[in-house]
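Worksheet: one structure, shown below.
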Amino acid sequence: MKLMKSRYIAYFLLLLVAVSCEPKLDDFKPSAGSADFSKYISLGNSLTAGYADGALYLTSQTYSYPNMIAQQMKLAGGGEFKQPLMFDELGFGGKRILKLNPALDCSGNPVAGAPPSLGPVLAEGTPDARNFTSIAADGPYNNLGVPGAKSFHLLAPNYGLLNPYFGRFATNPQTTSVLAQAMEMNATFFSLWIGNNDVLSYALAGGAAEEITSQDLFSGAYASLLDGLTANGAKGMVASIPNVTSVPYFTTVPYNGLVLTEQTQVDLLNQAYGNNVYGISFKIGQNPWVVADPSSPNGIGMRQLKSNELVLLSIPQDSLRCRGWGSQKPIPGYFILDESEIASITIAVDNYNQTIKSLAETKGLAFADANLFMKNAKSGLVYDGMRFSTSFVTGGVFSLDGIHLSPRGNAIIANFFIDAINEKYNANVPHVNISDYPGIIFP
Amino acid sequence: MLTIVCTFLMVGVYAGGYQVGLHGQKQIGMGLVGTSLCFDASSMFYNPGGLSFMKPTYSFALGMSPIISSTAFRKSFPADYSAKTDNPLGTPFYFYGAAKINDKLSAGLAINTPYGNSLSWGKDWGGRYLIQDLSLKAIFFQPTVSYKINEWLGIGAGFVLATGSFDLSKALPVSGANGEGSVNLNGSTTEFGFNVGALIKPMDKMNVGIDFRSNINMEVSGADATFVTPLSLSGNFPANNKVSTTLPLPANLDVGVSYDVSEKLMVAMSLNYVFWSVYDSLIFDFETNTPALPDSRNPRSYKNKLIVRVGGEYIINDKFTARAGGYYDPSPVNADYFSPETPSLNNLGLTLGLSYKPIEKLSVDLSFLYITGMEADKQYLPDNFSGTYKSQVYIPGFGLTYNF
């Protein structure tokens, strides 16, 4: 009997042991498909360099989308990816951080009891002097993104003299173009995302300085770039240009941000502008800003902003609040993108993007429609429980300068580019995990 | 007869297929079939109508079934990310005590844990903005009476007092100098329900059982909602908020039949219909709302499901009885609203059981339940979180029955 008992119990225990293993799922198997990622280089502007928060600095460079893509490519036969890193968190200066700022009245005195406001301020500190010296000897560098570069700049043989971001890692600033330096690398795979500054520089000046690169200049430059980059048979990916007017730098200050709460204010302003004889009028609530416009049909060189026009984030907020800008005084035109300027930008971007797309097809390259992606992003993006929008600061996609991407914004675009590469070359480069990267850091 | 779910399925507050059916080692041994059986005092849970057919005058049963569970997750390609739960051991238990008051009337008390468990994906995993850890505990107290109308029909009813608590943590996608924000919700409540059943013996060798257990809405009001966020956002997420929420524990309708094939062999099957569709959405109603913290309505859209169970019992000799069974428990979770907080898959359960009687009055009951949660691609649309899930659960059970 005893034997029998232990036998049954032994069977039972045996069964227990036999099944104790954990659930297992097949792993993702990365592959390069018909591409070769062994030497990847990236060309572009500030977005490619990893510029963020108003500066190019050490940490922002590590979060550049090309660096993210390169790390993923490593899982599919990719090699080392070297970036021309700054030596500190300030770069050339100008970096912004988010801070709680005490509420101040128009004389600059703290307002008792008022809650502090959250906003970006300049980071303190002195940049490391080595940021301003050449690091070309430590190259070659795979990330050839140069902040400020326009399409044709990448072909300029002396661009290292004109642009210190390239100057610091150009093998010969007097004679080497970005393209030439790229071709010396003899890469197997490249990415090219250029053209934003061909319109952005104009847009950042409120249409009052700089020029939109002509379509001929752009398409000629773009074709030369692709000819050079594919000369050795390299494969690659190109991306379209997002319409710059979709970024928070242009969409944060509302066209009708003049809020009037008292009838006496309304009456005084209406009176000052001749009681609507010039098409300028005010009411309680939100009102369009008054802006300078020498060609205004009312002949007085100013008018109210239209709902499809944009105010730049660079506008001094205290001038709006305390110096009567936009109400008693017109806002200068260089803080405004008006209807015709926006139209010029949109036409240029559309034409550039057609060029990029058709050249990509001709050359058999992967094409990522970043313009379409950004358009869709306007209505919000959700990944793994994280909600993103194109709003300034709280949206999470853009960094504190309102133009360049946050680390998570870079991760989102890196995945989008990886999708384009995978599709074109039948590759299996894994996505990055967006939640592995930091969001906007709040105080 | 409740759905067996496991750790992963757990419980909870948020949980979905979150029933646990571990309420008697003998029933567990034979595929969790119980509606048509009247082994002992455990009938109070499975079918109060069966209690009046109990043979001994007094019957006591107690036991526990530690749940060892693990769920694996792999994000949809081309993501290269996978994770596994590190669940604490779940410990459902039961205690039943019943007595025959006279030939017709029996009464007793059942205490068990039809819901309750723990799920832990960890603090830093890729779905942390959906769920990190979840714990749900529920204990049911069910005083029961059963009346034998005649030799072939018994009916019974129990009043259920359910006490439950939940504790849930997840990360918030806002960062400060000290890392990410987080929220913890926890609270408890007591609610009521009922359990009614009838046992019919249409012929000598056959039992037919029917049982209905009511839905219980676990309404928790004024639970603690503790937010940890960067200072500049504390206005948006008040640190010590309160929250109200409701988790339905769905009604069950069970029908079962058992048949004595021979003196030694009995076979049984049951159909368990679970009214899951009451779990339409999970709503968190915060006492203090802000523009960043509105009340949240999370779609669940569960569907009613039928669980099919079969099992058998073989009396080896007067000391040993062996049991085996199995069941199929389809996931009630909508494939588009499948959250890692309740990764309840289509489950296939296989069971074994063994009873040993060292003396006539005492039975040592062992059971073993293995559940495989079948691999499936799921997504939680509102959070755009998708991937493949698979789970495995081992539940060794131990119990004692004392009848006299």
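By order of appearance in the structure tokens: chains A, B, ..., then residues from 1 within every chain, and ligands from 1 in the order shown.
Any residue of chain B with an atom no more than 7 Å from chain A counts as a contact; using only C-alpha atoms, that gives Ser70, Thr71, Ala72, Phe77, Pro78, Ala79, Asp80, Gly126, Gly127, Tyr129, Leu130, Pro173, Val174, Ser175, Gly176, Ala177, Pro230, Leu231, Ser232, Asp383, Asn384, Phe385, Lys390, Ser391 and Gln392 of chain B.
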Write out as a list in words all residues of segment 228-264 of chain A that backbone DSSP assigns to alpha helix (DSSP H).
Gly228, Leu229, Pro248, Tyr249, Phe250, Thr251, Gln263 and Thr264 of chain A
Those residues with N, CA, C and O atoms, as a PDB file, in the first residue's frame please?
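To be explicit, this is the file written out as out14.pdb:
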ATOM      1  N   GLY A 228      26.488  61.919 -57.076  1.00  0.00           N
ATOM      2  CA  GLY A 228      27.708  61.693 -56.305  1.00  0.00           C
ATOM      3  C   GLY A 228      27.584  60.542 -55.331  1.00  0.00           C
ATOM      4  O   GLY A 228      28.457  59.674 -55.242  1.00  0.00           O
ATOM      5  N   LEU A 229      26.466  60.531 -54.612  1.00  0.00           N
ATOM      6  CA  LEU A 229      26.312  59.530 -53.545  1.00  0.00           C
ATOM      7  C   LEU A 229      26.122  58.114 -54.092  1.00  0.00           C
ATOM      8  O   LEU A 229      26.448  57.138 -53.419  1.00  0.00           O
ATOM      9  N   PRO A 248       5.894  73.946 -34.656  1.00  0.00           N
ATOM     10  CA  PRO A 248       5.378  74.829 -33.599  1.00  0.00           C
ATOM     11  C   PRO A 248       5.956  76.246 -33.643  1.00  0.00           C
ATOM     12  O   PRO A 248       5.316  77.177 -33.154  1.00  0.00           O
ATOM     13  N   TYR A 249       7.139  76.386 -34.225  1.00  0.00           N
ATOM     14  CA  TYR A 249       7.730  77.719 -34.306  1.00  0.00           C
ATOM     15  C   TYR A 249       6.783  78.686 -35.009  1.00  0.00           C
ATOM     16  O   TYR A 249       6.780  79.877 -34.752  1.00  0.00           O
ATOM     17  N   PHE A 250       5.960  78.156 -35.896  1.00  0.00           N
ATOM     18  CA  PHE A 250       5.053  79.007 -36.672  1.00  0.00           C
ATOM     19  C   PHE A 250       3.593  78.873 -36.251  1.00  0.00           C
ATOM     20  O   PHE A 250       2.752  79.618 -36.724  1.00  0.00           O
ATOM     21  N   THR A 251       3.301  77.908 -35.430  1.00  0.00           N
ATOM     22  CA  THR A 251       1.888  77.640 -35.137  1.00  0.00           C
ATOM     23  C   THR A 251       1.505  77.882 -33.674  1.00  0.00           C
ATOM     24  O   THR A 251       0.360  77.686 -33.297  1.00  0.00           O
ATOM     25  N   GLN A 263     -14.580  96.591 -22.150  1.00  0.00           N
ATOM     26  CA  GLN A 263     -15.179  97.364 -23.232  1.00  0.00           C
ATOM     27  C   GLN A 263     -14.431  98.671 -23.467  1.00  0.00           C
ATOM     28  O   GLN A 263     -14.307  99.137 -24.595  1.00  0.00           O
ATOM     29  N   THR A 264     -13.896  99.268 -22.402  1.00  0.00           N
ATOM     30  CA  THR A 264     -13.184 100.545 -22.571  1.00  0.00           C
ATOM     31  C   THR A 264     -11.957 100.349 -23.464  1.00  0.00           C
ATOM     32  O   THR A 264     -11.690 101.193 -24.336  1.00  0.00           O
TER      33      THR A 264
END
Could you name the residues that touch Ala420 of chain A at 9 Å or less, counting only C-alpha atoms, but leaving out those on the same chain fewer than 6 positions away, as a PyMOL selection string?
chain A and resi 237+366-369
Could you take the residues named above and write them with all heavy atoms, as a PDB file, in the first residue's frame?
ATOM      1  N   MET A 237      18.463  56.181 -48.918  1.00  0.00           N
ATOM      2  CA  MET A 237      17.106  56.659 -48.660  1.00  0.00           C
ATOM      3  C   MET A 237      17.089  58.174 -48.703  1.00  0.00           C
ATOM      4  O   MET A 237      18.006  58.819 -48.180  1.00  0.00           O
ATOM      5  CB  MET A 237      16.646  56.190 -47.279  1.00  0.00           C
ATOM      6  CG  MET A 237      15.219  56.579 -46.944  1.00  0.00           C
ATOM      7  SD  MET A 237      15.024  57.088 -45.215  1.00  0.00           S
ATOM      8  CE  MET A 237      15.687  58.742 -45.248  1.00  0.00           C
ATOM      9  N   ALA A 366      15.126  54.348 -51.711  1.00  0.00           N
ATOM     10  CA  ALA A 366      13.980  54.379 -50.798  1.00  0.00           C
ATOM     11  C   ALA A 366      13.547  55.831 -50.629  1.00  0.00           C
ATOM     12  O   ALA A 366      14.385  56.729 -50.556  1.00  0.00           O
ATOM     13  CB  ALA A 366      14.356  53.775 -49.454  1.00  0.00           C
ATOM     14  N   PHE A 367      12.235  56.043 -50.563  1.00  0.00           N
ATOM     15  CA  PHE A 367      11.703  57.393 -50.414  1.00  0.00           C
ATOM     16  C   PHE A 367      10.777  57.427 -49.205  1.00  0.00           C
ATOM     17  O   PHE A 367       9.833  56.649 -49.108  1.00  0.00           O
ATOM     18  CB  PHE A 367      10.944  57.790 -51.683  1.00  0.00           C
ATOM     19  CG  PHE A 367      10.178  59.085 -51.548  1.00  0.00           C
ATOM     20  CD1 PHE A 367      10.854  60.300 -51.506  1.00  0.00           C
ATOM     21  CD2 PHE A 367       8.797  59.093 -51.455  1.00  0.00           C
ATOM     22  CE1 PHE A 367      10.156  61.497 -51.382  1.00  0.00           C
ATOM     23  CE2 PHE A 367       8.085  60.285 -51.322  1.00  0.00           C
ATOM     24  CZ  PHE A 367       8.776  61.489 -51.286  1.00  0.00           C
ATOM     25  N   ALA A 368      11.068  58.319 -48.277  1.00  0.00           N
ATOM     26  CA  ALA A 368      10.211  58.485 -47.093  1.00  0.00           C
ATOM     27  C   ALA A 368       9.494  59.823 -47.214  1.00  0.00           C
ATOM     28  O   ALA A 368      10.145  60.864 -47.306  1.00  0.00           O
ATOM     29  CB  ALA A 368      11.049  58.437 -45.819  1.00  0.00           C
ATOM     30  N   ASP A 369       8.182  59.778 -47.211  1.00  0.00           N
ATOM     31  CA  ASP A 369       7.416  61.013 -47.387  1.00  0.00           C
ATOM     32  C   ASP A 369       7.216  61.718 -46.045  1.00  0.00           C
ATOM     33  O   ASP A 369       6.149  61.670 -45.437  1.00  0.00           O
ATOM     34  CB  ASP A 369       6.081  60.717 -48.063  1.00  0.00           C
ATOM     35  CG  ASP A 369       5.451  61.992 -48.628  1.00  0.00           C
ATOM     36  OD1 ASP A 369       5.927  63.096 -48.276  1.00  0.00           O
ATOM     37  OD2 ASP A 369       4.501  61.879 -49.415  1.00  0.00           O
TER      38      ASP A 369
END
Residues of segment 109-327 of chain B classed as strand (DSSP E) by DSSP on the backbone are to be reported as a PyMOL selection string.
chain B and resi 109-112+116-120+133-150+153-176+179-203+206-213+216-228+240-249+252-260+265-274+281-286+296-299+305-315+320-327
Find the residues near Asp280 of chain B: any atom within 9 Å, counting only C-alpha atoms, skip ones fewer than 6 places away on the same chain, and give them as a list in words.
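My list of contacting residues is Asn298, Pro299, Arg300, Ser301, Tyr302 and Lys303 of chain B.
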Go ahead and write the residues just picked, C-alpha atoms, as a tab-separated table (two decimals), in the first residue's frame.
chain	number	residue	atom	x	y	z
B	298	ASN	CA	-11.16	52.94	-21.53
B	299	PRO	CA	-13.02	50.69	-23.95
B	300	ARG	CA	-13.03	47.00	-23.11
B	301	SER	CA	-15.93	45.62	-25.16
B	302	TYR	CA	-15.79	42.13	-23.71
B	303	LYS	CA	-17.95	39.46	-25.25
Show me, as a PyMOL selection string, the residues that have an atom within 7 Å of segment 327-341 of chain B when counting only C-alpha atoms, minus same-chain residues fewer than 5 positions from it.
chain B and resi 3+14-17+31+131+276+299-305+307-310+346-350+378-381
From atom CA of Ile421 of chain A to atom CA of Gln215 of chain A the spacing works out at 26.8 Å
Using only C-alpha atoms, which residues sit within 7 Å of Lys75 of chain B once same-chain residues fewer than 4 positions away are excluded, as number ranges by chain?
B: 79-82, 386-388
C-alpha atoms of the current selection, written as a PDB file, in the first residue's frame:
ATOM      1  CA  ALA B  79       9.951  46.252 -33.388  1.00  0.00           C
ATOM      2  CA  ASP B  80      12.600  44.134 -31.741  1.00  0.00           C
ATOM      3  CA  TYR B  81      11.208  44.072 -28.263  1.00  0.00           C
ATOM      4  CA  SER B  82       9.929  41.373 -26.003  1.00  0.00           C
ATOM      5  CA  SER B 386       0.285  45.815 -30.385  1.00  0.00           C
ATOM      6  CA  GLY B 387       2.123  42.544 -30.338  1.00  0.00           C
ATOM      7  CA  THR B 388       1.988  38.833 -29.823  1.00  0.00           C
TER       8      THR B 388
END
Give me, as an NGL selection string, all polymer residues having an atom no more than 12 Å from Val243 of chain B, counting only C-alpha atoms and skipping those fewer than 4 positions away in the same chain.
:B and (183-188 or 219-227 or 238 or 283-289 or 293-296)
Resulting file, chosen residues, N, CA, C and O atoms, as a JSON list (two decimals), in the first residue's frame:
[["chain", "number", "residue", "atom", "x", "y", "z"],
["B", 183, "VAL", "N", 1.58, 56.91, -11.62],
["B", 183, "VAL", "CA", 0.32, 57.01, -10.88],
["B", 183, "VAL", "C", 0.03, 55.66, -10.25],
["B", 183, "VAL", "O", 0.32, 54.62, -10.83],
["B", 184, "ASN", "N", -0.47, 55.73, -9.04],
["B", 184, "ASN", "CA", -0.92, 54.52, -8.34],
["B", 184, "ASN", "C", -2.36, 54.73, -7.91],
["B", 184, "ASN", "O", -2.70, 55.76, -7.35],
["B", 185, "LEU", "N", -3.18, 53.75, -8.21],
["B", 185, "LEU", "CA", -4.58, 53.79, -7.79],
["B", 185, "LEU", "C", -4.80, 52.60, -6.87],
["B", 185, "LEU", "O", -4.40, 51.48, -7.19],
["B", 186, "ASN", "N", -5.40, 52.84, -5.73],
["B", 186, "ASN", "CA", -5.77, 51.68, -4.90],
["B", 186, "ASN", "C", -6.96, 51.98, -4.04],
["B", 186, "ASN", "O", -7.16, 53.10, -3.59],
["B", 187, "GLY", "N", -7.76, 50.96, -3.83],
["B", 187, "GLY", "CA", -8.97, 51.14, -3.04],
["B", 187, "GLY", "C", -9.62, 49.80, -2.78],
["B", 187, "GLY", "O", -9.13, 48.75, -3.23],
["B", 188, "SER", "N", -10.72, 49.83, -2.04],
["B", 188, "SER", "CA", -11.41, 48.58, -1.73],
["B", 188, "SER", "C", -12.90, 48.83, -1.60],
["B", 188, "SER", "O", -13.35, 49.97, -1.46],
["B", 219, "GLU", "N", -18.06, 48.43, -7.05],
["B", 219, "GLU", "CA", -17.95, 49.89, -7.18],
["B", 219, "GLU", "C", -17.04, 50.43, -6.10],
["B", 219, "GLU", "O", -17.31, 50.27, -4.92],
["B", 220, "VAL", "N", -15.97, 51.04, -6.54],
["B", 220, "VAL", "CA", -15.02, 51.60, -5.60],
["B", 220, "VAL", "C", -15.10, 53.11, -5.70],
["B", 220, "VAL", "O", -14.88, 53.68, -6.78],
["B", 221, "SER", "N", -15.47, 53.77, -4.63],
["B", 221, "SER", "CA", -15.48, 55.23, -4.70],
["B", 221, "SER", "C", -14.49, 55.78, -3.70],
["B", 221, "SER", "O", -14.24, 55.19, -2.66],
["B", 222, "GLY", "N", -13.91, 56.88, -4.06],
["B", 222, "GLY", "CA", -12.95, 57.53, -3.16],
["B", 222, "GLY", "C", -11.66, 56.75, -2.99],
["B", 222, "GLY", "O", -11.00, 56.85, -1.96],
["B", 223, "ALA", "N", -11.28, 55.97, -4.01],
["B", 223, "ALA", "CA", -9.99, 55.28, -3.94],
["B", 223, "ALA", "C", -8.86, 56.29, -4.06],
["B", 223, "ALA", "O", -9.05, 57.38, -4.61],
["B", 224, "ASP", "N", -7.71, 55.93, -3.55],
["B", 224, "ASP", "CA", -6.56, 56.84, -3.61],
["B", 224, "ASP", "C", -5.98, 56.87, -5.01],
["B", 224, "ASP", "O", -5.74, 55.82, -5.60],
["B", 225, "ALA", "N", -5.75, 58.06, -5.51],
["B", 225, "ALA", "CA", -5.08, 58.23, -6.80],
["B", 225, "ALA", "C", -3.85, 59.11, -6.54],
["B", 225, "ALA", "O", -3.98, 60.31, -6.32],
["B", 226, "THR", "N", -2.70, 58.47, -6.48],
["B", 226, "THR", "CA", -1.48, 59.18, -6.10],
["B", 226, "THR", "C", -0.61, 59.42, -7.33],
["B", 226, "THR", "O", -0.16, 58.46, -7.96],
["B", 227, "PHE", "N", -0.41, 60.67, -7.65],
["B", 227, "PHE", "CA", 0.38, 61.01, -8.83],
["B", 227, "PHE", "C", 1.76, 61.50, -8.41],
["B", 227, "PHE", "O", 1.88, 62.28, -7.47],
["B", 238, "PRO", "N", -2.88, 66.62, -9.60],
["B", 238, "PRO", "CA", -2.87, 66.81, -8.14],
["B", 238, "PRO", "C", -2.35, 65.54, -7.45],
["B", 238, "PRO", "O", -2.83, 64.44, -7.75],
["B", 283, "ILE", "N", -13.97, 52.85, -16.45],
["B", 283, "ILE", "CA", -14.02, 54.30, -16.32],
["B", 283, "ILE", "C", -13.36, 54.74, -15.03],
["B", 283, "ILE", "O", -13.63, 54.17, -13.97],
["B", 284, "PHE", "N", -12.47, 55.69, -15.14],
["B", 284, "PHE", "CA", -11.88, 56.29, -13.94],
["B", 284, "PHE", "C", -12.39, 57.71, -13.81],
["B", 284, "PHE", "O", -12.13, 58.55, -14.67],
["B", 285, "ASP", "N", -13.12, 57.93, -12.75],
["B", 285, "ASP", "CA", -13.74, 59.22, -12.51],
["B", 285, "ASP", "C", -12.94, 59.91, -11.41],
["B", 285, "ASP", "O", -13.06, 59.57, -10.24],
["B", 286, "PHE", "N", -12.10, 60.85, -11.80],
["B", 286, "PHE", "CA", -11.24, 61.52, -10.81],
["B", 286, "PHE", "C", -12.01, 62.61, -10.09],
["B", 286, "PHE", "O", -12.79, 63.35, -10.69],
["B", 287, "GLU", "N", -11.77, 62.72, -8.79],
["B", 287, "GLU", "CA", -12.45, 63.73, -8.00],
["B", 287, "GLU", "C", -12.06, 65.12, -8.48],
["B", 287, "GLU", "O", -12.89, 65.99, -8.67],
["B", 288, "THR", "N", -10.75, 65.35, -8.71],
["B", 288, "THR", "CA", -10.29, 66.62, -9.23],
["B", 288, "THR", "C", -9.84, 66.42, -10.66],
["B", 288, "THR", "O", -8.93, 65.63, -10.92],
["B", 289, "ASN", "N", -10.52, 67.10, -11.57],
["B", 289, "ASN", "CA", -10.13, 67.02, -12.98],
["B", 289, "ASN", "C", -9.34, 68.27, -13.35],
["B", 289, "ASN", "O", -9.56, 69.33, -12.79],
["B", 293, "LEU", "N", -5.93, 66.06, -16.97],
["B", 293, "LEU", "CA", -6.45, 64.88, -16.28],
["B", 293, "LEU", "C", -7.97, 64.86, -16.32],
["B", 293, "LEU", "O", -8.64, 65.12, -15.32],
["B", 294, "PRO", "N", -8.52, 64.56, -17.49],
["B", 294, "PRO", "CA", -9.97, 64.37, -17.55],
["B", 294, "PRO", "C", -10.31, 62.98, -17.01],
["B", 294, "PRO", "O", -9.41, 62.17, -16.78],
["B", 295, "ASP", "N", -11.59, 62.72, -16.80],
["B", 295, "ASP", "CA", -11.97, 61.35, -16.47],
["B", 295, "ASP", "C", -11.59, 60.47, -17.65],
["B", 295, "ASP", "O", -11.63, 60.90, -18.79],
["B", 296, "SER", "N", -11.21, 59.24, -17.36],
["B", 296, "SER", "CA", -10.79, 58.41, -18.49],
["B", 296, "SER", "C", -11.75, 57.25, -18.70],
["B", 296, "SER", "O", -12.18, 56.59, -17.76]]
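Candidate residues B:Asp260, B:Asp254, B:Asp318, B:Glu180 were compared for distance to Lys201 of chain B, and the nearest is B:Asp260, using only C-alpha atoms.
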